[in-house]
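Read the structure below first, then the notes.
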Amino acid sequence: MTKVIINGANGRMGEALLRCGEANPNIEIVAGVDVGDDLAGVIAQADAVIDFSFHEVTRPTAELCAAHKKALVIGTTGHSARDKESVLKLQSEIPIVWASNFSTGVNTLFWLTRKATEVLGADFDLEVVEMHHRLKRDAPSGTAATLAEILAKVRKVSLEKELRHGREGIVGERTHSEIGMHSLRGGDVVGDHTVVYAGNGERLELTHKAASRDTFANGALRAAIWACGQAPGLYNMENVLGLE
């Protein structure tokens with residue numbers, strides 16, 4: 001049985017992780033911690049920490065996990081480049097599963113996006129559309145950012161140069177190489193993501209819609225179990241699911 005600490009236990013995902021962890025016979029939730037709680041005081045009891053807190057908290061959480069040789073699963077998004085760099089330096093000390101989305105369906109979408117982009121070639125215009133609940137703090141979502149990264153990598157273009165966050169005013173004709181990104185916010189939407197391939201005379205859309213956070217929670221718990229059997233290194237959900 002894998003012993004897990006949930007960091008960010010009072011949030012929406014934290015509550016889902018606690019609920020799904022209690023129902024999973026292969027998981028023991030040894031603690032749920034949040035703002036004001038002492039992770040250092042309980043970390044020795046765990047095999048892994050699942051972090052769904054805030055991006056400012058991930059770096060000290062990762063450093064604490066490295067000091068205690070505990071596996072780490074990161075589901076938090078919105079990190080600065082500096083914080084990402086600091087966390088990535090710890091991959092030589094502990095196994096880290098860092099994913100923008102822990103849903104099996106979304107990770108299948110990542111795989112399908114890669115394959116579709118390879119098959120369709122450069123004649124299709126690429127757009128990413130995502131929608132989340134009104135309370136989400138960062139935009140675009142981490143999942144949408146991953147989709148854009150996949151598109152740019154397959155097309156062999158610079159994402160920094162080609163990404164277009166929405167459009168306003170007289171922007172001119174769309175270039176063949178740009179990748180559109182559109183973030184919608186409203187209501188209680190758990191998470192919708194669509195990759196649009198728009199060609200002359202036809203359009204292909206790959207869409208994933210999440211109806212429950214339990215989907216992400218169960219994926220993160222699965223990642224924690226898997227990570228505890230791995231050597232130090234950086235992994236993602238495609239590694240966990242064997243899709244790489």
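For the structure tokens, the naming scheme is as follows: chains receive sequential letters (A, B, ...) according to their order of presentation, residues are indexed from 1 within each chain, and ligands are indexed from 1 in presentation order.
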Checklist entry - Among region 31-223 of chain A, which residues carry a DSSP assignment of strand (DSSP E or B), reported as a PyMOL selection string? => result chain A and resi 31-33+48-51+71-74+95-98+125-132+163-165+179-185+191-199+202-210
Next on the checklist: Which residues are close to Lys136 (chain A), i.e. within 10 Å by only C-alpha atoms, leaving aside same-chain residues fewer than 2 positions away? Reply as an MDAnalysis selection string.
Outcome noted: chainID A and resid 131:134 138:141 185:186 188:190
Residue selection dump (N, CA and C atoms) as a compact mmCIF listing (two decimals), in the first residue's frame:
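What follows is the written file selection.txt:
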```txt
# COMPACT_ATOMS: atom_id res chain seq x y z
N MET A 131 -11.71 25.81 -21.89
CA MET A 131 -12.65 26.49 -21.00
C MET A 131 -12.60 25.88 -19.61
N HIS A 132 -12.59 26.75 -18.59
CA HIS A 132 -12.60 26.32 -17.20
C HIS A 132 -13.54 27.20 -16.38
N HIS A 133 -13.75 26.80 -15.15
CA HIS A 133 -14.64 27.52 -14.23
C HIS A 133 -14.13 28.94 -13.97
N ARG A 134 -15.00 29.76 -13.48
CA ARG A 134 -14.70 31.18 -13.29
C ARG A 134 -13.62 31.44 -12.24
N ASP A 138 -5.10 30.88 -13.50
CA ASP A 138 -4.12 31.05 -14.57
C ASP A 138 -4.74 30.76 -15.94
N ALA A 139 -4.18 31.37 -16.94
CA ALA A 139 -4.60 31.16 -18.32
C ALA A 139 -3.41 31.34 -19.25
N PRO A 140 -3.28 30.51 -20.28
CA PRO A 140 -4.15 29.37 -20.54
C PRO A 140 -3.91 28.25 -19.53
N SER A 141 -4.75 27.25 -19.57
CA SER A 141 -4.57 26.12 -18.66
C SER A 141 -3.27 25.39 -18.97
N ARG A 185 -13.60 31.39 -19.69
CA ARG A 185 -13.82 31.20 -18.26
C ARG A 185 -15.29 31.47 -17.94
N GLY A 186 -15.89 30.56 -17.13
CA GLY A 186 -17.26 30.80 -16.71
C GLY A 186 -17.87 29.61 -16.02
N ASP A 188 -19.07 26.61 -13.70
CA ASP A 188 -18.34 25.61 -12.92
C ASP A 188 -17.68 24.55 -13.80
N VAL A 189 -17.32 24.95 -15.02
CA VAL A 189 -16.73 24.00 -15.98
C VAL A 189 -15.45 23.39 -15.41
N VAL A 190 -15.41 22.08 -15.35
CA VAL A 190 -14.24 21.37 -14.80
C VAL A 190 -13.05 21.50 -15.73
```
Checklist entry - Which is closer to His193 (chain A) than all the others in A:Asp125, A:Glu130, A:Glu162, A:Glu63, using only C-alpha atoms? => result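 The answer is A:Glu130, which sits nearest to His193 (chain A).
With only C-alpha atoms as the atoms that count, the minimum distance from Leu109 (chain A) to the choices A:Asp38, A:Asp192, A:Glu22, A:Glu173 is reached by A:Asp192.
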Next on the checklist: Which residue is closest to Ala40 (chain A)? Choose from A:Val87, A:Thr61, A:Arg222, A:Val171 and count only C-alpha atoms.
Outcome noted: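 Distance minimum relative to Ala40 (chain A) lands on A:Thr61.
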Item to check | Neighbour list for Gly219 (chain A) as a ChimeraX atom specification, cut-off 8 Å, only C-alpha atoms, skip fewer than 4 positions in-chain | outcome: /A:102-104,215,223
Checklist entry - Which is closer to Phe54 (chain A) than all the others in A:Met1, A:Ala9, A:Leu151, A:Val97, using only C-alpha atoms? => result A:Ala9
Next on the checklist: Using only C-alpha atoms for the distances, tell me which of A:Ile96, A:Val106, A:Val128, A:Ala144 is nearest to Leu241 (chain A).
Outcome noted: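 Checking each of A:Ile96, A:Val106, A:Val128, A:Ala144 against Leu241 (chain A), counting only C-alpha atoms, the winner is A:Val106.
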Checklist entry - Near Arg213 (chain A), within 12 Å and counting only C-alpha atoms, which residues show up once chain neighbours fewer than 2 positions away are dropped, as a PyMOL selection string? => result chain A and resi 11-20+101-103+188-191+209-211+215-220
Restricted to C-alpha atoms, what would the selected residues look like written as a short mmCIF file (atom, residue, chain, number, x, y, z; two decimals), in the first residue's frame?
```cif
data_model
loop_
_atom_site.label_atom_id
_atom_site.label_comp_id
_atom_site.auth_asym_id
_atom_site.auth_seq_id
_atom_site.Cartn_x
_atom_site.Cartn_y
_atom_site.Cartn_z
CA GLY A 11 -8.97 22.94 -2.56
CA ARG A 12 -11.32 21.39 -5.10
CA MET A 13 -8.72 18.92 -6.31
CA GLY A 14 -7.53 18.28 -2.77
CA GLU A 15 -11.02 17.28 -1.70
CA ALA A 16 -11.33 14.98 -4.72
CA LEU A 17 -7.95 13.39 -3.93
CA LEU A 18 -8.93 12.76 -0.33
CA ARG A 19 -12.25 11.23 -1.39
CA CYS A 20 -10.77 9.04 -4.12
CA ASN A 101 -3.34 16.92 -16.59
CA PHE A 102 -3.70 13.52 -14.91
CA SER A 103 -6.76 12.34 -16.82
CA ASP A 188 -18.34 25.61 -12.92
CA VAL A 189 -16.73 24.00 -15.98
CA VAL A 190 -14.24 21.37 -14.80
CA GLY A 191 -12.17 21.48 -17.98
CA LYS A 209 -14.45 17.30 -21.73
CA ALA A 210 -14.07 16.53 -18.05
CA ALA A 211 -17.26 16.16 -16.01
CA THR A 215 -10.91 11.70 -13.16
CA PHE A 216 -7.85 13.83 -12.39
CA ALA A 217 -7.66 12.66 -8.78
CA ASN A 218 -7.61 8.96 -9.67
CA GLY A 219 -4.93 9.63 -12.28
CA ALA A 220 -2.76 11.49 -9.76
#
```
